[in-house]
>>> print(open('data.cif').read())   # mmCIF, C-alpha atoms
data_model
loop_
_atom_site.label_atom_id
_atom_site.label_comp_id
_atom_site.auth_asym_id
_atom_site.auth_seq_id
_atom_site.Cartn_x
_atom_site.Cartn_y
_atom_site.Cartn_z
CA MET A 1 87.59 -298.63 145.37
CA GLY A 2 84.12 -297.88 146.78
CA PHE A 3 83.37 -295.61 149.71
CA LYS A 4 82.38 -298.53 151.97
CA LYS A 5 85.65 -300.36 151.26
CA ILE A 6 87.68 -297.20 151.91
CA PHE A 7 85.81 -296.59 155.17
CA PHE A 8 86.32 -300.20 156.30
CA LEU A 9 90.04 -300.08 155.46
CA SER A 10 90.46 -296.78 157.32
CA PHE A 11 88.61 -298.20 160.33
CA MET A 12 90.86 -301.27 160.39
CA ILE A 13 94.03 -299.14 160.19
CA PHE A 14 92.76 -296.96 163.06
CA THR A 15 91.85 -300.02 165.13
CA LEU A 16 95.25 -301.62 164.61
CA SER A 17 97.06 -298.38 165.46
CA CYS A 18 95.32 -298.27 168.85
CA ALA A 19 95.80 -301.98 169.54
CA LYS A 20 96.61 -303.40 172.93
CA LYS A 21 99.08 -306.28 172.60
CA GLU A 22 99.13 -309.19 174.99
CA THR A 23 101.75 -311.97 174.90
CA ALA A 24 103.04 -314.48 177.42
CA ASN A 25 105.83 -312.07 178.36
CA TYR A 26 104.50 -308.53 178.15
CA TYR A 27 101.52 -306.22 177.76
CA ALA A 28 101.65 -303.16 175.48
CA GLU A 29 99.50 -300.20 174.53
CA ASN A 30 100.06 -297.68 171.73
CA PHE A 31 98.46 -294.28 171.24
CA PHE A 32 99.20 -290.77 169.95
CA ILE A 33 99.55 -287.66 172.12
CA MET A 34 101.63 -284.45 172.21
CA SER A 35 101.95 -284.84 168.42
CA VAL A 36 104.02 -288.03 168.80
CA PRO A 37 103.41 -291.79 169.10
CA VAL A 38 103.51 -293.31 172.59
CA GLU A 39 104.12 -296.94 173.53
CA ILE A 40 103.86 -298.45 177.00
CA LYS A 41 105.27 -301.97 177.40
CA ILE A 42 105.09 -303.86 180.71
CA TYR A 43 106.96 -307.15 181.15
CA THR A 44 104.64 -309.35 183.17
CA ARG A 45 102.29 -312.31 182.78
CA ASP A 46 99.72 -310.69 185.07
CA MET A 47 97.72 -308.87 182.41
CA ASP A 48 95.16 -307.42 184.82
CA ARG A 49 97.91 -305.80 186.88
CA ALA A 50 99.61 -304.58 183.68
CA LYS A 51 96.40 -302.90 182.59
CA GLY A 52 96.11 -301.19 185.98
CA ILE A 53 99.69 -299.88 185.77
CA THR A 54 99.09 -298.72 182.21
CA ALA A 55 95.98 -296.83 183.33
CA LEU A 56 98.07 -294.95 185.92
CA ILE A 57 100.69 -294.05 183.32
CA ASN A 58 98.07 -293.02 180.76
CA ALA A 59 96.35 -290.78 183.27
CA GLU A 60 99.57 -288.91 184.07
CA ILE A 61 100.54 -288.47 180.41
CA LYS A 62 97.05 -287.20 179.55
CA ARG A 63 97.03 -284.85 182.56
CA ILE A 64 100.25 -283.18 181.46
CA SER A 65 99.14 -282.95 177.84
CA ASP A 66 95.75 -281.47 178.78
CA GLU A 67 97.38 -278.95 181.10
CA PHE A 68 100.44 -277.82 179.17
CA SER A 69 100.11 -278.67 175.48
CA TYR A 70 100.23 -275.80 172.98
CA ASN A 71 97.66 -277.54 170.78
CA GLU A 72 95.10 -278.11 173.55
CA PRO A 73 92.62 -275.19 173.29
CA TYR A 74 91.73 -275.25 177.00
CA SER A 75 95.20 -275.86 178.43
CA SER A 76 96.91 -273.46 180.83
CA VAL A 77 99.39 -272.68 178.06
CA SER A 78 96.60 -271.68 175.66
CA TYR A 79 94.98 -269.54 178.34
CA LEU A 80 98.26 -267.78 179.08
CA ASN A 81 98.91 -267.17 175.38
CA LYS A 82 95.50 -265.55 174.96
CA ASN A 83 95.48 -263.41 178.10
CA ALA A 84 98.96 -262.60 179.43
CA TYR A 85 99.87 -259.60 177.24
CA GLU A 86 100.32 -256.69 179.67
CA LYS A 87 98.17 -258.55 182.21
CA TRP A 88 99.23 -260.68 185.18
CA ILE A 89 97.97 -264.26 184.98
CA ASN A 90 98.26 -266.56 187.98
CA VAL A 91 99.79 -269.98 187.38
CA ASN A 92 100.23 -273.05 189.56
CA ASP A 93 103.53 -274.31 190.98
CA GLU A 94 104.01 -276.88 188.22
CA PHE A 95 103.55 -274.34 185.43
CA LEU A 96 105.92 -271.96 187.21
CA ASN A 97 108.51 -274.73 187.43
CA LEU A 98 108.19 -275.49 183.71
CA LEU A 99 108.67 -271.83 182.85
CA ASN A 100 111.75 -271.60 185.06
CA MET A 101 113.22 -274.74 183.49
CA SER A 102 112.58 -273.23 180.06
CA LYS A 103 114.39 -270.10 181.16
CA LYS A 104 117.45 -272.17 182.16
CA PHE A 105 117.55 -273.82 178.73
CA TYR A 106 117.20 -270.39 177.12
CA GLU A 107 120.20 -269.20 179.11
CA ILE A 108 122.50 -272.20 178.62
CA SER A 109 121.81 -272.19 174.87
CA GLY A 110 122.65 -268.50 174.64
CA GLY A 111 119.09 -267.71 173.59
CA GLY A 112 119.02 -270.34 170.85
CA PHE A 113 116.34 -272.37 172.64
CA ASP A 114 113.27 -270.22 173.20
CA ILE A 115 109.71 -271.35 173.99
CA THR A 116 108.34 -268.22 172.24
CA PHE A 117 109.41 -269.59 168.82
CA ALA A 118 105.82 -269.89 167.51
CA PRO A 119 106.02 -267.14 164.80
CA LEU A 120 108.98 -268.89 163.13
CA TRP A 121 107.39 -272.31 162.79
CA PRO A 122 104.80 -271.45 160.07
CA LEU A 123 107.54 -269.85 157.93
CA TRP A 124 109.57 -273.06 157.85
CA LYS A 125 106.51 -275.26 157.36
CA GLU A 126 105.66 -273.16 154.33
CA ALA A 127 109.28 -273.29 153.15
CA ALA A 128 109.14 -277.10 153.33
CA SER A 129 105.89 -277.11 151.39
CA ARG A 130 106.88 -274.72 148.59
CA LYS A 131 110.58 -275.74 148.56
CA LYS A 132 111.68 -272.14 148.92
CA LEU A 133 113.49 -270.44 151.79
CA PRO A 134 111.81 -267.68 153.81
CA THR A 135 113.04 -264.22 152.90
CA GLU A 136 115.27 -262.28 155.28
CA GLU A 137 112.44 -259.81 155.73
CA GLU A 138 110.02 -262.59 156.71
CA LEU A 139 112.52 -264.01 159.20
CA LYS A 140 113.24 -260.59 160.68
CA LYS A 141 109.52 -259.92 161.15
CA ALA A 142 108.99 -263.29 162.84
CA LEU A 143 112.02 -262.83 165.12
CA SER A 144 110.68 -259.44 166.23
CA LYS A 145 107.72 -261.28 167.77
CA ILE A 146 109.93 -263.66 169.74
CA GLY A 147 111.91 -263.31 172.96
CA PHE A 148 111.89 -265.07 176.32
CA GLU A 149 113.13 -261.80 177.86
CA ASN A 150 109.59 -260.48 177.30
CA ILE A 151 108.16 -263.02 179.75
CA VAL A 152 107.95 -261.56 183.25
CA ILE A 153 107.70 -264.08 186.09
CA ASP A 154 106.57 -263.01 189.56
CA GLU A 155 107.76 -265.87 191.78
CA LYS A 156 106.24 -264.49 194.96
CA ASN A 157 102.74 -264.08 193.58
CA LYS A 158 102.99 -266.99 191.13
CA ALA A 159 102.01 -264.83 188.19
CA VAL A 160 103.19 -264.33 184.61
CA MET A 161 102.88 -261.41 182.19
CA PHE A 162 104.06 -260.82 178.60
CA LYS A 163 105.59 -257.43 177.81
CA LYS A 164 104.54 -257.86 174.18
CA PRO A 165 102.19 -260.25 172.38
CA LEU A 166 103.77 -263.71 172.60
CA GLU A 167 102.90 -267.37 172.35
CA ILE A 168 104.77 -269.98 174.34
CA ASN A 169 105.12 -273.62 173.32
CA LEU A 170 106.60 -276.06 175.86
CA GLY A 171 106.97 -278.87 173.31
CA GLY A 172 110.75 -278.75 173.56
CA ILE A 173 110.71 -279.90 177.20
CA LEU A 174 107.30 -281.46 177.77
CA ARG A 175 107.99 -285.03 176.62
CA GLY A 176 111.10 -285.44 178.75
CA TYR A 177 109.33 -283.79 181.67
CA THR A 178 106.42 -286.22 181.27
CA LEU A 179 108.74 -289.23 181.63
CA ILE A 180 110.16 -287.80 184.85
CA LYS A 181 106.65 -287.34 186.25
CA VAL A 182 105.68 -290.86 185.16
CA GLU A 183 108.69 -292.31 186.98
CA ASN A 184 107.54 -290.46 190.12
CA ILE A 185 104.13 -292.13 189.76
CA LEU A 186 105.75 -295.57 189.47
CA LYS A 187 107.83 -295.02 192.60
CA LYS A 188 104.94 -293.53 194.56
CA ASN A 189 102.82 -296.60 193.80
CA ASN A 190 105.69 -299.00 194.60
CA ILE A 191 105.58 -300.52 191.11
CA LYS A 192 108.42 -303.01 190.59
CA GLU A 193 107.61 -304.44 187.15
CA ASN A 194 110.06 -304.02 184.29
CA LEU A 195 108.64 -301.61 181.74
CA GLU A 196 109.44 -299.29 178.84
CA ILE A 197 107.68 -296.06 177.94
CA ASP A 198 108.38 -294.36 174.61
CA ILE A 199 107.16 -290.82 174.01
CA GLY A 200 108.34 -289.90 170.55
CA ALA A 201 112.11 -290.44 170.48
CA ASN A 202 112.38 -290.35 174.30
CA LYS A 203 112.35 -293.50 176.40
CA LEU A 204 111.98 -294.36 180.09
CA CYS A 205 113.28 -297.81 181.04
CA PHE A 206 112.32 -298.98 184.51
CA GLY A 207 113.21 -302.19 186.31
CA ASP A 208 115.88 -304.85 186.68
CA ARG A 209 116.74 -305.88 183.13
CA ILE A 210 118.85 -304.84 180.14
CA PHE A 211 117.16 -302.50 177.67
CA LYS A 212 117.97 -301.40 174.12
CA TYR A 213 117.48 -298.30 172.00
CA GLU A 214 117.80 -298.71 168.24
CA ILE A 215 119.19 -295.79 166.25
CA ASN A 216 118.23 -295.43 162.61
CA SER A 217 120.17 -294.00 159.71
CA PRO A 218 119.52 -290.29 159.12
CA THR A 219 119.04 -291.02 155.42
CA ASP A 220 117.10 -294.31 155.63
CA GLU A 221 114.76 -294.76 158.57
CA LYS A 222 114.40 -298.49 157.85
CA LYS A 223 118.13 -299.04 158.38
CA ILE A 224 119.50 -299.48 161.90
CA ILE A 225 123.02 -298.10 162.28
CA GLY A 226 123.52 -299.05 165.91
CA VAL A 227 122.01 -299.91 169.27
CA LEU A 228 122.49 -298.51 172.77
CA ILE A 229 122.35 -301.24 175.44
CA PHE A 230 121.85 -300.15 179.04
CA PRO A 231 120.19 -300.86 182.41
CA GLN A 232 117.35 -298.81 183.93
CA GLY A 233 117.41 -295.14 183.01
CA LEU A 234 116.25 -292.44 180.66
CA ILE A 235 116.94 -291.84 176.97
CA ILE A 236 116.43 -288.27 175.82
CA SER A 237 116.73 -287.80 172.08
CA SER A 238 116.31 -285.07 169.51
CA SER A 239 116.15 -286.33 165.97
CA GLY A 240 115.76 -284.44 162.74
CA ARG A 241 115.71 -287.74 160.86
CA SER A 242 111.97 -287.96 160.28
CA HIS A 243 111.58 -284.20 159.85
CA PHE A 244 114.30 -283.43 157.33
CA VAL A 245 113.10 -281.26 154.44
CA GLU A 246 114.86 -280.24 151.27
CA VAL A 247 114.62 -276.59 150.31
CA GLU A 248 116.38 -275.19 147.27
CA GLY A 249 118.60 -278.26 147.02
CA LYS A 250 119.71 -278.26 150.68
CA VAL A 251 118.51 -280.51 153.50
CA TYR A 252 117.36 -278.81 156.71
CA SER A 253 116.56 -280.12 160.20
CA HIS A 254 113.33 -279.22 162.01
CA ILE A 255 115.26 -277.85 165.03
CA LEU A 256 115.39 -274.06 164.86
CA ASN A 257 118.06 -271.83 166.38
CA ILE A 258 116.05 -268.82 167.51
CA LYS A 259 119.13 -266.60 167.52
CA THR A 260 119.46 -266.95 163.74
CA GLY A 261 115.94 -267.94 162.72
CA TYR A 262 117.41 -270.83 160.71
CA PRO A 263 117.46 -274.59 161.38
CA VAL A 264 120.52 -276.04 163.11
CA GLU A 265 123.14 -277.00 160.52
CA ASN A 266 125.04 -280.26 160.12
CA PHE A 267 122.93 -282.26 162.56
CA SER A 268 120.99 -285.52 162.39
CA ASN A 269 120.53 -286.94 165.88
CA LEU A 270 121.47 -286.59 169.54
CA ILE A 271 120.83 -289.42 171.98
CA ILE A 272 121.62 -289.03 175.69
CA TYR A 273 121.40 -291.82 178.28
CA VAL A 274 121.40 -291.13 182.01
CA PRO A 275 120.80 -293.74 184.73
CA ASP A 276 118.81 -291.30 186.87
CA MET A 277 116.16 -288.76 185.97
CA ARG A 278 117.49 -285.19 185.69
CA GLU A 279 115.39 -282.11 184.93
CA GLU A 280 118.36 -280.31 183.39
CA LEU A 281 118.37 -282.87 180.55
CA ILE A 282 114.73 -282.84 179.50
CA SER A 283 115.34 -280.56 176.50
CA PRO A 284 117.71 -282.27 174.05
CA ALA A 285 116.95 -279.56 171.48
CA ALA A 286 118.72 -277.03 173.69
CA TYR A 287 121.86 -279.19 173.67
CA VAL A 288 121.64 -279.64 169.90
CA ILE A 289 121.73 -275.86 169.57
CA MET A 290 124.75 -275.73 171.91
CA GLY A 291 126.67 -278.07 169.60
CA ARG A 292 128.48 -281.36 170.07
CA GLU A 293 131.53 -280.19 172.03
CA LYS A 294 129.61 -278.23 174.67
CA THR A 295 127.01 -281.00 174.96
CA PHE A 296 129.62 -283.74 175.41
CA ASP A 297 131.44 -281.59 177.97
CA PHE A 298 128.22 -281.17 179.96
CA ILE A 299 127.24 -284.85 179.73
CA SER A 300 130.76 -285.94 180.78
CA LYS A 301 130.09 -284.48 184.23
CA ILE A 302 127.06 -286.73 184.84
CA LYS A 303 127.64 -290.05 186.59
CA GLY A 304 126.99 -293.08 184.40
CA ALA A 305 125.98 -291.06 181.33
CA CYS A 306 126.67 -291.55 177.64
CA ALA A 307 125.77 -289.68 174.47
CA ILE A 308 125.71 -290.31 170.72
CA TRP A 309 125.92 -287.43 168.22
CA ILE A 310 125.24 -287.96 164.51
CA ASP A 311 126.04 -285.09 162.18
CA GLY A 312 124.32 -284.15 158.95
CA SER A 313 126.47 -286.54 156.93
CA GLY A 314 125.78 -289.49 159.21
CA ASN A 315 129.14 -289.42 161.01
CA ILE A 316 128.85 -290.83 164.53
CA SER A 317 130.57 -289.42 167.63
CA THR A 318 130.28 -291.10 171.03
CA MET A 319 130.85 -289.96 174.60
CA ILE A 320 130.68 -292.86 177.06
CA LYS A 321 131.93 -292.29 180.59
CA GLN A 322 134.15 -294.93 182.18
CA ASP A 323 131.61 -295.45 184.96
CA SER A 324 128.72 -295.84 182.49
CA LEU A 325 126.95 -299.18 182.06
CA CYS A 326 125.73 -298.02 178.66
CA LYS A 327 127.21 -299.81 175.63
CA TRP A 328 127.18 -298.72 171.99
CA GLU A 329 127.10 -301.44 169.33
CA LYS A 330 127.33 -300.57 165.64
CA ALA A 331 125.11 -302.38 163.19
CA GLY A 332 126.60 -305.60 161.87
CA LYS A 333 127.58 -306.90 165.27
CA LYS A 334 125.60 -309.49 167.18
CA PHE A 335 123.54 -307.54 169.67
CA LEU A 336 123.42 -309.17 173.09
CA PHE A 337 120.14 -308.16 174.77
#
>>> encode(input="data.cif", output="C-alpha cells")
Amino acid sequence: MGFKKIFFLSFMIFTLSCAKKETANYYAENFFIMSVPVEIKIYTRDMDRAKGITALINAEIKRISDEFSYNEPYSSVSYLNKNAYEKWINVNDEFLNLLNMSKKFYEISGGGFDITFAPLWPLWKEAASRKKLPTEEELKKALSKIGFENIVIDEKNKAVMFKKPLEINLGGILRGYTLIKVENILKKNNIKENLEIDIGANKLCFGDRIFKYEINSPTDEKKIIGVLIFPQGLIISSSGRSHFVEVEGKVYSHILNIKTGYPVENFSNLIIYVPDMREELISPAAYVIMGREKTFDFISKIKGACAIWIDGSGNISTMIKQDSLCKWEKAGKKFLF
C-alpha cells in the first residue's frame, strides 16, 4: 500500500473517531481525554441547543484535564511534582479538595490506594511488555519512593510540600470527580434534557428516562454478560478487562495495591450505581483494593445503590438494596429499556 493511501486511510479513521452524530432522537460527540474515550449523548431534536450543551460539558471536562492531569505538562499537578520537594507550593481550593479526597481513599483502603504510585507503574508496564515479573529488589526500590504520608498539607495557608521526592497522579479519582463537576454545570444552567456522559468506564445519566449500562465478559470484550438498568444517576466502574496482561503464565489486572506493589488478585470488574452524586465514591479503584465484602458493606449503607463485582474467573456477585431502582439482567434475557 502506498504512502498516500496509508495517509488517506489514517485520516479517515481519525475523522470518524472524532465524528459528531446527529439523528432524529439524539446528538452525540466522541473524543479522547484523560487517557480514555469520552462520549456525550443528548436526547433532543433541537440540534443547535444540543451543541450548546455539549460545548458547556466539553469546556468543563477540558478545564479539569488541563488543570489536574498527570500527563499535561503545564497542569497544577505537573507543577507540584516538579517543585514541591521540601518547598511549600500554594494550591487553589479545588486542588486542596482533591488532595484531601485522595487522602480519605488512602486511609479507607489501608494505604492500598495511593496517588504517589508513579514509580511502580513503569515496572509493571515493562513486565507486561517483556512477560516477566519485576524482581523483589525492583519493587522494593519503587515502593521506597512512594508514600502519601510524605505529602504535607497546610490547610490554613493552602500550601503543599513533599518530604521526599514524589510524583502524584490523580487519575484514580479524576474521572469520577469530573462527572460530579459536570452535573453541577448542568444544574447551574438549568439544563433539563436527557443525556449520557461516558468517561472511560464511568457514566453520568441525567434526566427523566431509563438508562442502561452494558457489562462485558472479562475474557471476551465483544460478549455482553449482563446489563444494569436504572434511572438517573452515576455509574462508577473500575475494570481490568481491557488492561489484563499475562506475565509468566498468570493474568494480572492493571490495578495496583500499593501496600504490596503487586496488582490486585482475583478481580475483573466493579460497577457501582448510585442515584445521587457522592464524592466518597469517585475512586472505584480504592474499593477494589478493599475487596468485595468491605465494598458491598459500604455500598449497602447508601440509599438506592447497587453494585456488581466480577472476580478473576468471571463469577458475578451482586448487591442491590431493596430501595434501589437499579435492576440487573443477565445476558440471554430480553432487556427492557
>>> residues_around(input="data.cif", residues="Phe230 (chain A)", least_positions_apart="5", cutoff="7 Å", atoms="all atoms listed in the file", output="list in words")
Ile210, Phe211, Lys212, Leu325, Cys326 and Lys327 of chain A
>>> resolve_selection(input="data.cif", expression="the PyMOL selection byres ((chain A and resi 252) around 9)", output="PDB file with C-alpha atoms, keeping the file's coordinate frame")
ATOM      1  CA  GLY A 240     115.760-284.440 162.740  1.00  0.00           C
ATOM      2  CA  HIS A 243     111.580-284.200 159.850  1.00  0.00           C
ATOM      3  CA  PHE A 244     114.300-283.430 157.330  1.00  0.00           C
ATOM      4  CA  VAL A 245     113.100-281.260 154.440  1.00  0.00           C
ATOM      5  CA  GLU A 246     114.860-280.240 151.270  1.00  0.00           C
ATOM      6  CA  VAL A 247     114.620-276.590 150.310  1.00  0.00           C
ATOM      7  CA  LYS A 250     119.710-278.260 150.680  1.00  0.00           C
ATOM      8  CA  VAL A 251     118.510-280.510 153.500  1.00  0.00           C
ATOM      9  CA  SER A 253     116.560-280.120 160.200  1.00  0.00           C
ATOM     10  CA  HIS A 254     113.330-279.220 162.010  1.00  0.00           C
ATOM     11  CA  ILE A 255     115.260-277.850 165.030  1.00  0.00           C
ATOM     12  CA  TYR A 262     117.410-270.830 160.710  1.00  0.00           C
ATOM     13  CA  PRO A 263     117.460-274.590 161.380  1.00  0.00           C
ATOM     14  CA  VAL A 264     120.520-276.040 163.110  1.00  0.00           C
ATOM     15  CA  GLU A 265     123.140-277.000 160.520  1.00  0.00           C
ATOM     16  CA  ASN A 266     125.040-280.260 160.120  1.00  0.00           C
ATOM     17  CA  PHE A 267     122.930-282.260 162.560  1.00  0.00           C
TER      18      PHE A 267
END
>>> closest_residue(input="data.cif", among="A:Glu221, A:Glu126, A:Glu107, A:Glu183", to="Asp276 (chain A)", atoms="only C-alpha atoms")
A:Glu183
>>> closest_atom_pairs(input="data.cif", of="region 52-115 of chain A", to="region 33-36 of chain A", cutoff="10 Å", atoms="all atoms listed in the file", output="tab-separated table")
residue	atom	partner	partner_atom	distance
A:Ile61	CA	A:Ile33	CA	8.4
A:Lys62	CA	A:Ile33	CA	7.9
A:Ile64	CA	A:Met34	CA	9.4
A:Ser65	CA	A:Met34	CA	6.3
A:Asp66	CA	A:Met34	CA	9.3
A:Phe68	CA	A:Met34	CA	9.7
A:Ser69	CA	A:Met34	CA	6.8
A:Tyr70	CA	A:Met34	CA	8.8
A:Asn71	CA	A:Met34	CA	8.1
A:Glu72	CA	A:Met34	CA	9.2
>>> atom_distance(input="data.cif", atom1="CA of Ala28 (chain A)", atom2="CA of Ser324 (chain A)")
28.9 Å
>>> resolve_selection(input="data.cif", expression="the PyMOL selection byres ((chain A and resi 134) around 12)", output="ChimeraX atom specification")
/A:120-133,135-142,247-248,261-263
>>> closest_residue(input="data.cif", among="A:Asn269, A:Thr260, A:Asn97, A:Thr219", to="Ile153 (chain A)", atoms="all atoms listed in the file")
A:Asn97
>>> closest_residue(input="data.cif", among="A:Ile282, A:Leu166, A:Leu256, A:Ile40", to="Leu195 (chain A)", atoms="only C-alpha atoms")
A:Ile40
>>> resolve_selection(input="data.cif", expression="the PyMOL selection byres ((chain A and resi 192) around 12)", output="PyMOL selection string")
chain A and resi 42-44+49-50+53+183+185-191+193-195+205-209+232
>>> atom_distance(input="data.cif", atom1="CA of Ser75 (chain A)", atom2="CA of Leu99 (chain A)")
14.7 Å
>>> atom_distance(input="data.cif", atom1="CA of Asn58 (chain A)", atom2="CA of Ala118 (chain A)")
27.8 Å
>>> closest_residue(input="data.cif", among="A:Phe148, A:Trp309, A:Trp88, A:Phe95", to="Leu174 (chain A)", atoms="all atoms listed in the file")
A:Phe95
>>> closest_residue(input="data.cif", among="A:Asn150, A:Asn30, A:Asn315, A:Ser268", to="Glu86 (chain A)", atoms="all atoms listed in the file")
A:Asn150
>>> axis_aligned_box(input="data.cif", around="region 117-134 of chain A", padding_each_side="4 Å", output="AutoDock Vina command-line options")
--center_x 109.1 --center_y -272.1 --center_z 158.7 --size_x 16.7 --size_y 18.0 --size_z 28.3
>>> closest_residue(input="data.cif", among="A:Ser109, A:Ser144, A:Thr54, A:Thr178", to="Ala285 (chain A)", atoms="all atoms listed in the file")
A:Ser109
>>> residues_near_point(input="data.cif", point="(119.1, -295.8, 171.1)", cutoff="10 Å", atoms="all atoms listed in the file", output="number ranges by chain")
A: 201-203, 211-216, 224-230, 235-237, 270-273, 307-308, 328-329
>>> residues_around(input="data.cif", residues="Met290 (chain A)", least_positions_apart="6", cutoff="9 Å", atoms="all atoms listed in the file", output="list in words")
Ile108, Ser109, Gly110 and Gly112 of chain A
>>> residues_around(input="data.cif", residues="Val160 (chain A)", least_positions_apart="2", cutoff="8 Å", atoms="all atoms listed in the file", output="MDAnalysis selection string")
chainID A and resid 84 88:91 151:154 158 162
